[in-house]
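What follows is the content of target_38.txt (compact mmCIF, C-alpha atoms and all ligand atoms).
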# COMPACT_ATOMS: atom_id res chain seq x y z
CA SER H 552 0.00 0.00 0.00
CA ASP H 553 1.03 3.63 -0.22
CA SER H 554 0.03 4.33 3.36
CA ASP H 555 3.69 4.64 4.34
CA CYS H 556 4.46 7.13 1.58
CA ARG H 557 6.49 10.07 2.81
CA SER H 558 7.41 13.10 0.79
CA VAL H 559 9.49 16.28 1.15
CA THR H 560 9.78 19.30 -1.15
CA CYS H 561 12.75 21.68 -0.99
CA GLN H 562 13.94 24.62 -3.03
CA ALA H 563 17.35 26.07 -3.80
CA SER H 564 18.73 28.90 -5.91
CA PRO H 565 21.63 29.10 -8.35
CA ASN H 566 24.92 30.64 -7.26
CA ILE H 567 27.45 32.65 -9.23
CA ALA H 568 31.15 32.25 -8.53
CA LEU H 569 33.15 35.40 -7.78
CA ILE H 570 36.33 33.33 -7.52
CA LYS H 571 35.84 30.36 -9.80
CA TYR H 572 36.22 26.69 -9.00
CA TRP H 573 38.14 25.11 -11.87
CA GLY H 574 39.73 21.67 -11.60
CA LYS H 575 38.92 18.51 -9.69
CA ARG H 576 41.73 16.81 -7.77
CA ASN H 577 39.36 13.90 -7.13
CA GLU H 578 36.73 13.21 -9.79
CA GLU H 579 34.67 10.70 -7.81
CA LEU H 580 34.21 12.80 -4.66
CA ILE H 581 34.50 16.10 -6.56
CA LEU H 582 37.28 17.57 -4.45
CA PRO H 583 38.30 20.89 -6.00
CA ASP H 584 41.82 22.11 -6.81
CA ASN H 585 41.07 25.53 -5.34
CA ASP H 586 38.85 27.41 -2.93
CA SER H 587 35.97 29.29 -4.54
CA LEU H 588 33.54 31.95 -3.38
CA SER H 589 30.09 32.70 -4.73
CA ILE H 590 26.86 34.51 -4.09
CA THR H 591 23.53 32.76 -4.03
CA LEU H 592 20.79 34.42 -6.05
CA ASP H 593 17.49 35.33 -4.55
CA THR H 594 15.20 36.47 -7.27
CA ASN H 595 11.69 35.25 -6.73
CA ASP H 596 11.72 33.68 -10.15
CA MET H 597 14.91 31.61 -10.15
CA HIS H 598 14.50 28.51 -8.04
CA SER H 599 14.82 24.76 -8.39
CA TYR H 600 12.21 22.70 -6.59
CA THR H 601 12.69 19.03 -5.86
CA THR H 602 10.14 16.69 -4.31
CA VAL H 603 11.46 13.37 -3.07
CA SER H 604 9.04 10.61 -2.05
CA THR H 605 9.56 7.13 -0.73
CA SER H 606 7.23 4.25 0.10
CA SER H 607 7.68 0.52 0.63
CA SER H 608 5.67 -0.20 -2.51
CA MET H 609 8.25 1.41 -4.81
CA THR H 610 10.27 -1.10 -6.81
CA CYS H 611 12.76 1.23 -8.49
CA ASP H 612 13.98 4.82 -8.49
CA THR H 613 12.14 7.17 -10.79
CA PHE H 614 12.90 10.69 -11.93
CA TYR H 615 10.50 13.23 -13.37
CA PHE H 616 11.83 16.46 -14.83
CA ASP H 617 9.21 19.14 -15.42
CA GLY H 618 6.55 16.47 -14.98
CA VAL H 619 8.03 14.19 -17.63
CA GLN H 620 9.35 10.81 -16.53
CA GLN H 621 12.96 10.29 -17.61
CA THR H 622 14.01 6.90 -18.99
CA LYS H 623 16.92 6.68 -16.60
CA LEU H 624 18.51 8.58 -13.77
CA ALA H 625 21.59 10.64 -14.54
CA SER H 626 24.68 8.85 -13.24
CA ARG H 627 25.40 11.78 -10.89
CA MET H 628 21.93 11.43 -9.42
CA GLN H 629 22.51 7.71 -9.01
CA LYS H 630 25.70 8.54 -7.14
CA VAL H 631 23.79 10.72 -4.70
CA LEU H 632 21.21 7.97 -4.08
CA ASN H 633 23.95 5.38 -3.52
CA GLU H 634 25.40 7.62 -0.86
CA ILE H 635 21.96 7.94 0.79
CA ARG H 636 21.59 4.15 0.88
CA ARG H 637 25.04 3.87 2.43
CA ARG H 638 24.12 6.38 5.12
CA THR H 639 20.62 5.27 6.10
CA LYS H 640 20.99 3.28 9.24
CA ASP H 641 18.60 0.35 8.81
CA GLY H 642 20.48 -0.61 5.65
CA LYS H 643 17.23 -1.36 3.82
CA ILE H 644 17.32 -0.46 0.17
CA LYS H 645 14.92 2.37 -0.30
CA PHE H 646 13.59 3.54 -3.58
CA VAL H 647 12.66 7.10 -4.24
CA GLU H 648 10.69 9.11 -6.71
CA ILE H 649 12.33 12.42 -7.58
CA ARG H 650 10.34 15.24 -9.13
CA SER H 651 12.32 18.29 -10.10
CA HIS H 652 11.56 21.54 -11.86
CA ASN H 653 13.12 24.95 -12.29
CA THR H 654 11.22 28.20 -12.32
CA PHE H 655 13.71 29.43 -14.92
CA PRO H 656 14.38 27.72 -18.25
CA ALA H 657 17.02 25.00 -17.89
CA SER H 658 18.28 26.04 -21.32
CA SER H 659 18.68 29.68 -20.34
CA GLY H 660 22.43 29.38 -20.24
CA LEU H 661 22.35 29.74 -16.47
CA ALA H 662 23.74 26.98 -14.33
CA SER H 663 20.66 25.09 -13.22
CA SER H 664 22.58 22.04 -12.00
CA ALA H 665 23.75 23.86 -8.86
CA SER H 666 20.24 24.70 -7.67
CA ALA H 667 18.87 21.35 -8.87
CA TYR H 668 21.41 19.26 -6.96
CA ALA H 669 21.25 21.49 -3.90
CA SER H 670 17.47 21.15 -3.68
CA LEU H 671 17.72 17.38 -4.23
CA ALA H 672 20.37 17.08 -1.52
CA ILE H 673 18.34 19.11 1.00
CA ALA H 674 15.18 17.14 0.22
CA LEU H 675 16.91 13.76 0.66
CA THR H 676 18.59 14.87 3.89
CA ASN H 677 15.21 15.87 5.29
CA LEU H 678 13.29 12.86 4.03
CA PHE H 679 15.72 10.39 5.61
CA ASN H 680 16.39 12.51 8.71
CA LEU H 681 20.14 12.37 8.20
CA ASP H 682 22.39 13.75 10.92
CA ASP H 683 24.25 17.06 10.57
CA ALA H 684 21.67 18.20 8.05
CA GLN H 685 23.57 21.09 6.49
CA SER H 686 26.95 19.43 6.07
CA THR H 687 25.30 16.22 4.89
CA ALA H 688 23.28 18.15 2.32
CA ALA H 689 26.44 19.99 1.26
CA TYR H 690 28.28 16.69 0.80
CA LEU H 691 25.44 15.18 -1.26
CA ALA H 692 25.10 18.32 -3.40
CA ARG H 693 28.84 18.34 -4.05
CA ILE H 694 29.05 14.76 -5.29
CA GLY H 695 26.11 15.55 -7.60
CA SER H 696 27.50 18.74 -9.10
CA GLY H 697 30.56 20.40 -7.55
CA SER H 698 29.41 24.01 -7.47
CA ALA H 699 26.02 22.90 -6.05
CA VAL H 700 27.74 22.66 -2.66
CA ARG H 701 27.63 26.48 -2.53
CA SER H 702 23.85 26.65 -3.15
CA ILE H 703 23.21 25.01 0.24
CA TYR H 704 23.67 28.43 1.81
CA GLY H 705 22.47 31.92 0.99
CA GLY H 706 24.58 35.07 0.84
CA PHE H 707 28.33 34.95 0.18
CA VAL H 708 29.47 31.34 0.31
CA ARG H 709 32.92 29.80 0.35
CA TRP H 710 33.74 26.27 -0.79
CA SER H 711 36.93 25.06 0.80
CA SER H 712 39.37 22.88 -1.13
CA GLU H 713 40.82 21.48 2.09
CA GLY H 714 39.57 19.27 4.90
CA GLU H 715 36.02 18.12 4.32
CA CYS H 716 35.74 20.31 1.21
CA LEU H 717 32.32 21.60 2.26
CA SER H 718 30.85 25.08 2.05
CA SER H 719 30.10 27.79 4.57
CA CYS H 720 28.37 31.16 4.59
CA VAL H 721 31.00 33.91 4.87
CA PHE H 722 28.54 36.82 5.01
CA PRO H 723 24.74 36.69 4.94
CA ALA H 724 23.02 38.58 2.12
CA GLU H 725 21.84 41.25 4.56
CA HIS H 726 25.46 42.25 5.12
CA TRP H 727 25.53 44.13 1.80
CA SER H 728 21.94 45.19 1.20
CA GLU H 729 22.68 47.62 -1.69
CA PHE H 730 24.24 44.81 -3.71
CA ARG H 731 22.42 43.83 -6.93
CA ILE H 732 23.02 41.45 -9.82
CA VAL H 733 22.05 42.05 -13.43
CA ILE H 734 22.06 38.97 -15.63
CA LEU H 735 22.18 39.25 -19.42
CA ILE H 736 21.30 36.33 -21.64
CA PHE H 737 23.33 36.58 -24.85
CA ASN H 738 23.01 32.94 -25.76
CA SER H 739 20.83 30.34 -24.15
CA SER H 740 22.09 27.23 -25.94
CA LYS H 741 23.88 24.44 -24.13
CA LYS H 742 27.63 24.88 -23.81
CA ALA H 743 29.79 23.14 -26.40
CA VAL H 744 32.22 21.71 -23.84
CA SER H 745 30.90 20.58 -20.46
CA SER H 746 32.70 22.02 -17.45
CA THR H 747 33.71 18.50 -16.40
CA ASP H 748 35.42 17.82 -19.73
CA ALA H 749 36.94 21.28 -19.90
CA MET H 750 38.38 20.97 -16.39
CA GLN H 751 40.00 17.63 -17.25
CA ARG H 752 41.46 19.06 -20.43
CA THR H 753 42.74 22.09 -18.52
CA ARG H 754 44.56 19.94 -15.95
CA GLN H 755 46.13 17.89 -18.73
CA THR H 756 47.25 20.64 -21.08
CA SER H 757 47.27 24.14 -19.58
CA THR H 758 50.48 25.50 -18.07
CA LEU H 759 48.75 28.70 -16.97
CA PHE H 760 46.52 26.56 -14.75
CA GLN H 761 49.21 26.08 -12.05
CA ALA H 762 49.98 29.80 -12.16
CA ARG H 763 46.29 30.52 -11.58
CA LEU H 764 46.16 28.19 -8.57
CA SER H 765 49.06 30.07 -6.97
CA THR H 766 47.00 33.30 -7.07
CA ILE H 767 43.87 31.98 -5.37
CA ASN H 768 44.69 32.30 -1.68
CA GLU H 769 45.72 35.93 -1.82
CA LYS H 770 42.71 36.81 -3.98
CA MET H 771 40.41 35.00 -1.59
CA THR H 772 41.74 36.95 1.40
CA GLN H 773 41.40 40.24 -0.50
CA LEU H 774 37.90 39.48 -1.74
CA ILE H 775 36.62 38.56 1.72
CA GLU H 776 38.13 41.79 3.05
CA ALA H 777 36.48 43.79 0.24
CA ILE H 778 33.07 42.25 0.96
CA LYS H 779 33.55 42.78 4.70
CA ASN H 780 34.27 46.48 4.11
CA LYS H 781 31.69 46.78 1.31
CA ASP H 782 34.54 48.15 -0.78
CA PHE H 783 33.01 47.91 -4.25
CA ASN H 784 36.13 49.15 -6.10
CA ALA H 785 38.29 46.42 -4.60
CA PHE H 786 35.52 43.84 -4.99
CA ALA H 787 35.03 44.69 -8.68
CA LYS H 788 38.70 44.46 -9.61
CA ILE H 789 39.23 41.07 -7.99
CA VAL H 790 36.04 39.61 -9.48
CA MET H 791 36.69 40.83 -13.03
CA MET H 792 40.32 39.72 -12.91
CA ASP H 793 39.38 36.26 -11.69
CA SER H 794 36.82 35.91 -14.45
CA SER H 795 39.37 36.93 -17.10
CA GLN H 796 42.02 34.65 -15.61
CA PHE H 797 39.65 31.70 -15.66
CA HIS H 798 38.81 32.33 -19.32
CA ALA H 799 42.51 32.80 -20.15
CA VAL H 800 43.21 29.37 -18.63
CA CYS H 801 40.40 27.91 -20.75
CA MET H 802 41.99 29.51 -23.81
CA ASP H 803 45.37 28.08 -22.77
CA THR H 804 43.89 24.58 -22.86
CA TYR H 805 44.42 22.39 -25.92
CA PRO H 806 42.24 22.23 -27.91
CA PRO H 807 41.21 25.61 -26.52
CA VAL H 808 37.94 26.03 -24.67
CA ILE H 809 36.31 29.33 -25.59
CA TYR H 810 33.20 30.24 -23.66
CA LEU H 811 33.05 33.98 -24.36
CA ASN H 812 31.54 35.26 -27.60
CA GLU H 813 31.69 38.62 -29.41
CA GLN H 814 28.87 40.02 -27.31
CA SER H 815 30.66 39.00 -24.12
CA LYS H 816 33.74 40.91 -25.24
CA HIS H 817 31.62 43.90 -26.17
CA LEU H 818 30.10 43.92 -22.68
CA ILE H 819 33.58 43.77 -21.12
CA HIS H 820 34.62 46.88 -23.04
CA LEU H 821 31.33 48.60 -22.30
CA VAL H 822 31.66 48.05 -18.55
CA HIS H 823 35.20 49.44 -18.45
CA ALA H 824 34.20 52.46 -20.56
CA TYR H 825 31.20 53.07 -18.31
CA ASN H 826 33.33 52.77 -15.17
CA GLN H 827 35.81 55.32 -16.52
CA MET H 828 33.15 57.73 -17.73
CA ASP H 829 32.99 60.03 -14.72
CA GLY H 830 36.71 59.96 -14.19
CA ASP H 831 36.21 59.87 -10.43
CA GLN H 832 37.77 56.46 -9.81
CA THR H 833 34.53 54.88 -8.63
CA THR H 834 33.73 51.56 -10.18
CA LYS H 835 30.02 51.19 -10.75
CA VAL H 836 29.79 47.78 -12.38
CA ALA H 837 31.72 44.51 -12.35
CA TYR H 838 31.12 41.47 -14.56
CA THR H 839 31.87 37.79 -14.34
CA PHE H 840 31.33 34.96 -16.82
CA ASP H 841 30.97 31.28 -15.94
CA ALA H 842 31.42 28.51 -18.49
CA GLY H 843 29.31 30.41 -21.02
CA PRO H 844 28.93 33.78 -22.80
CA ASN H 845 26.34 35.32 -20.45
CA PRO H 846 27.53 38.09 -18.14
CA PHE H 847 26.56 38.44 -14.50
CA CYS H 848 26.95 42.10 -13.59
CA PHE H 849 27.35 43.31 -10.03
CA ILE H 850 26.25 46.78 -9.14
CA ARG H 851 24.95 48.83 -6.24
CA GLN H 852 21.27 49.76 -6.16
CA GLU H 853 21.95 53.46 -6.79
CA HIS H 854 23.39 52.71 -10.25
CA VAL H 855 20.93 50.05 -11.44
CA ASP H 856 18.53 52.30 -13.37
CA GLU H 857 21.30 54.10 -15.23
CA PHE H 858 23.05 50.84 -16.09
CA LEU H 859 19.82 49.20 -17.30
CA ARG H 860 19.21 52.21 -19.60
CA LEU H 861 22.70 51.75 -21.02
CA LEU H 862 22.12 48.04 -21.57
CA LYS H 863 18.79 48.64 -23.28
CA TYR H 864 20.49 51.12 -25.61
CA PHE H 865 23.31 48.74 -26.60
CA TYR H 866 21.39 45.46 -26.44
CA PRO H 867 17.78 46.28 -27.27
CA THR H 868 16.80 42.66 -27.89
CA VAL H 869 18.65 41.03 -25.02
CA ASN H 870 16.91 39.86 -21.86
CA ALA H 871 18.20 41.72 -18.85
CA ASP H 872 16.92 41.11 -15.36
CA ALA H 873 17.94 42.82 -12.17
CA ASP H 874 18.15 40.53 -9.21
CA LYS H 875 16.49 42.01 -6.18
CA GLN H 876 18.97 40.91 -3.61
CA VAL H 877 21.41 38.19 -2.81
CA SER H 878 19.69 35.33 -1.05
CA SER H 879 18.75 35.75 2.55
CA ASP H 880 19.68 33.01 4.97
CA ALA H 881 19.19 29.65 3.34
CA ASP H 882 18.33 28.02 6.64
CA GLU H 883 14.76 28.47 5.56
CA LYS H 884 15.46 25.97 2.81
CA PHE H 885 15.64 23.31 5.48
CA SER H 886 12.16 24.02 6.75
CA SER H 887 10.47 22.50 3.77
O1 LIG S 901 30.05 22.53 -10.82
P1 LIG S 901 30.26 22.63 -12.29
O2 LIG S 901 30.78 21.37 -12.91
O3 LIG S 901 29.03 23.13 -13.00
O4 LIG S 901 31.43 23.72 -12.58
C1 LIG S 901 31.24 25.08 -12.42
C2 LIG S 901 32.42 25.84 -12.88
C3 LIG S 901 32.21 27.33 -12.99
O5 LIG S 901 30.85 27.64 -13.06
C4 LIG S 901 32.89 27.82 -14.25
C5 LIG S 901 32.85 28.07 -11.82
C6 LIG S 901 32.15 27.95 -10.50
O6 LIG S 901 32.86 28.01 -9.49
O7 LIG S 901 30.92 27.86 -10.45
What does the file become when written as structure tokens?
Amino acid sequence: SDSDCRSVTCQASPNIALIKYWGKRNEELILPDNDSLSITLDTNDMHSYTTVSTSSSMTCDTFYFDGVQQTKLASRMQKVLNEIRRRTKDGKIKFVEIRSHNTFPASSGLASSASAYASLAIALTNLFNLDDAQSTAAYLARIGSGSAVRSIYGGFVRWSSEGECLSSCVFPAEHWSEFRIVILIFNSSKKAVSSTDAMQRTRQTSTLFQARLSTINEKMTQLIEAIKNKDFNAFAKIVMMDSSQFHAVCMDTYPPVIYLNEQSKHLIHLVHAYNQMDGDQTTKVAYTFDAGPNPFCFIRQEHVDEFLRLLKYFYPTVNADADKQVSSDADEKFSS
């Protein structure tokens, strides 16, 4: 019977790296080569929701994406479920039904795997009452999709490359309440080279990669200091330089991995021209690009309207959305 059916629904939001994670020193456990730091988005319209159900009558695992049953579970999802079975105390094999959907298009060119795996991890942790809920959820999210470990928390989140390699909130979103994010969608198609493949290729062929790793610790210290002091000038320089360095390393890979397109480069020039416009040394906007051509622009509230006008002038047909605020405390994600 289904009388013992239990079910939990959880939500999570995507995160955007300010200092990028690039390189896995352990593929199976997804242990990163370097520390990374991100911010978790909190627009009302960018969430992943995952419902996980279990009952003794289930005879296999099933996965529905946007209401459509998938023929098989992704191997990364299988990995997460194997870990759950290993951790549940009674040792009984449990089957689950996973239902997942995003409130933003999965093909929007925005990383949906981070929020998807984070919401799955939180839902499973709750459903099976696993101990140390947040670190367990972080572990499960990480083995599903590396950067998902950072979507377990809201605000500014650091993923450590040492010790347990879990994530922690460095500053809550409320710390920097004027902080906004503008996302532009230049191209919504799926990336040509997956980040997993590109990372492997980078480790094997790029010589700039080691040089990048040697810059991370100092940058991390400086970025945390900039966020602590709400020093936007310092923040902007570190973030833009890390984005460019990451894409330079991708370019240094053989065959090269090129995620930026002509529009991305145009936006880079536009932002620097805009920042220099008043000649008063105040940086108004910073950009970063993940493994794709779409810019994430960081800006303080006071400059949003002006910047959006500029964007509408230069990119009249492009979708631009201003995020309201970085996510508030993600603890609420655990109260499903
Ligand atoms: O977790 P993955 O495999 O989607 O890799 C993400 C890599 C970047 O988005 C480029 C950087 C990051 O830290 O999110």
Atomic distance atom CA of H:Cys720 - atom CA of H:Gly705, expressed in Å with one decimal: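 Atom-to-atom, atom CA of H:Cys720 to atom CA of H:Gly705, that is 7.0 Å.
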Selection within 7 Å of ligand LIG 901 (chain S) by all atoms listed in the file, output as a list in words: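 For ligand LIG 901 (chain S), the residues inside 7 Å are Ile567, Ala568, Ile570, Lys571, Tyr572, Trp573, Ser587, Ala662, Ser664, Ala665, Ser696, Gly697, Ser698, Ala699, Ser746, Thr747, Asp841 and Ala842 of chain H.
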Using Å and a single decimal, report how far atom CA of H:Phe616 sits from atom CA of H:Leu717.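 Atom-to-atom, atom CA of H:Leu717 and atom CA of H:Phe616 are spaced 27.2 Å apart.
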Quick one: residues within 10 Å of stretch 816-828 of chain H, all atoms listed in the file counted, chain neighbours fewer than 6 positions away excluded, as a list of chain:residue names?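 Near stretch 816-828 of chain H, the qualifying residues are H:Leu735, H:Met791, H:Ser795, H:Thr834, H:Lys835, H:Val836, H:Ala837, H:Tyr838, H:Thr839, H:Pro844, H:Asn845, H:Pro846, H:Cys848, H:Phe858, H:Leu861, H:Leu862, H:Phe865, H:Tyr866.
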Between atom CA of H:Val869 and atom CA of H:Ile736, measure the distance and give it in Å to one decimal.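 According to the coordinates, atom CA of H:Val869 and atom CA of H:Ile736 are separated by 6.4 Å.
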Among the residues H:Asn680, H:Pro806, H:Glu648, H:Thr833, the one that comes closest to H:Ala785 [using only C-alpha atoms]: H:Thr833
Please list as an MDAnalysis selection string every residue within 12 Å of H:Ala667, counting only C-alpha atoms and excluding residues in the same chain fewer than 6 positions away. chainID H and resid 561:566 597:602 616:617 627:628 649:655 657 661 673:674 691:693 695:703
Nearest residue to H:Cys716 out of H:Ala743, H:Val808, H:Leu588, H:Ala689, using all atoms listed in the file?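 Using all atoms listed in the file, the shortest distance to H:Cys716 belongs to H:Ala689.
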Env of H:Met750: 12 Å cut, atoms = only C-alpha atoms, seq-sep filter 3 positions within chain, self excluded. Answer as an NGL selection string. :H and (571-578 or 581 or 583-584 or 697 or 744-747 or 753-757 or 760 or 797-798 or 800-805 or 807-808 or 842)
Using all atoms listed in the file, which of H:Ile778, H:Leu582, H:Val559, H:Met609 sits nearest H:Pro723?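 Using all atoms listed in the file, H:Pro723 sits closest to H:Ile778.
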Nearest to H:Ser711 by atom-to-atom distance, counting all atoms listed in the file, from H:Lys788, H:Ala724, H:Ser589, H:His854: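 For H:Ser711, the nearest of the given residues is H:Ser589.
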Please tell me which residues are no farther than 7 Å from (18.0, 13.4, -13.2) in the file, counting all atoms listed in the file, and write them as a compact mmCIF listing (two decimals) with C-alpha atoms, in the frame of the given file.
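For reference, out_14.txt as written:
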# COMPACT_ATOMS: atom_id res chain seq x y z
CA PHE H 614 12.90 10.69 -11.93
CA LEU H 624 18.51 8.58 -13.77
CA ALA H 625 21.59 10.64 -14.54
CA MET H 628 21.93 11.43 -9.42
What would the list of residues within 8 Å of (16.6, 2.8, -6.7) (file frame) look like as a PyMOL selection string, if only C-alpha atoms are what count? chain H and resi 610-613+632+644-647
Nearest to H:Asp683 among H:Gln832, H:Pro656, H:Val721, H:Arg638, with distances taken over all atoms listed in the file: which residue is it?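 Counting all atoms listed in the file, the residue closest to H:Asp683 is H:Arg638.
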Which residue out of H:Ala762, H:Leu569, H:Ile789, H:Leu592 has the minimum interatomic distance to H:Gly706 when all atoms listed in the file are used?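 For H:Gly706, the nearest of the given residues is H:Leu592.
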Start from the incomplete input, build N, CA and C atoms for stretch 750-763 of chain H, and deliver everything as a short mmCIF file (atom, residue, chain, number, x, y, z; two decimals), in the coordinates of the input.
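So part.cif came out as:
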data_model
loop_
_atom_site.label_atom_id
_atom_site.label_comp_id
_atom_site.auth_asym_id
_atom_site.auth_seq_id
_atom_site.Cartn_x
_atom_site.Cartn_y
_atom_site.Cartn_z
N MET H 750 37.48 20.99 -17.54
CA MET H 750 38.38 20.97 -16.39
C MET H 750 39.46 19.90 -16.55
N GLN H 751 39.04 18.73 -17.02
CA GLN H 751 40.00 17.63 -17.25
C GLN H 751 41.05 18.05 -18.27
N ARG H 752 40.56 18.62 -19.36
CA ARG H 752 41.46 19.06 -20.43
C ARG H 752 42.41 20.15 -19.92
N THR H 753 41.91 21.02 -19.08
CA THR H 753 42.74 22.09 -18.52
C THR H 753 43.88 21.49 -17.69
N ARG H 754 43.53 20.56 -16.82
CA ARG H 754 44.56 19.94 -15.95
C ARG H 754 45.62 19.24 -16.78
N GLN H 755 45.19 18.65 -17.91
CA GLN H 755 46.13 17.89 -18.73
C GLN H 755 47.01 18.76 -19.61
N THR H 756 46.51 19.91 -20.04
CA THR H 756 47.25 20.64 -21.08
C THR H 756 47.65 22.08 -20.74
N SER H 757 46.98 22.73 -19.80
CA SER H 757 47.27 24.14 -19.58
C SER H 757 48.43 24.34 -18.61
N THR H 758 49.39 25.16 -19.00
CA THR H 758 50.48 25.50 -18.07
C THR H 758 50.12 26.73 -17.24
N LEU H 759 49.19 27.55 -17.77
CA LEU H 759 48.75 28.70 -16.97
C LEU H 759 47.94 28.26 -15.76
N PHE H 760 47.39 27.05 -15.82
CA PHE H 760 46.52 26.56 -14.75
C PHE H 760 47.22 26.60 -13.39
N GLN H 761 48.47 26.08 -13.32
CA GLN H 761 49.21 26.08 -12.05
C GLN H 761 49.47 27.51 -11.56
N ALA H 762 49.75 28.39 -12.52
CA ALA H 762 49.98 29.80 -12.16
C ALA H 762 48.71 30.39 -11.55
N ARG H 763 47.56 30.04 -12.14
CA ARG H 763 46.29 30.52 -11.58
C ARG H 763 46.13 30.04 -10.14
#
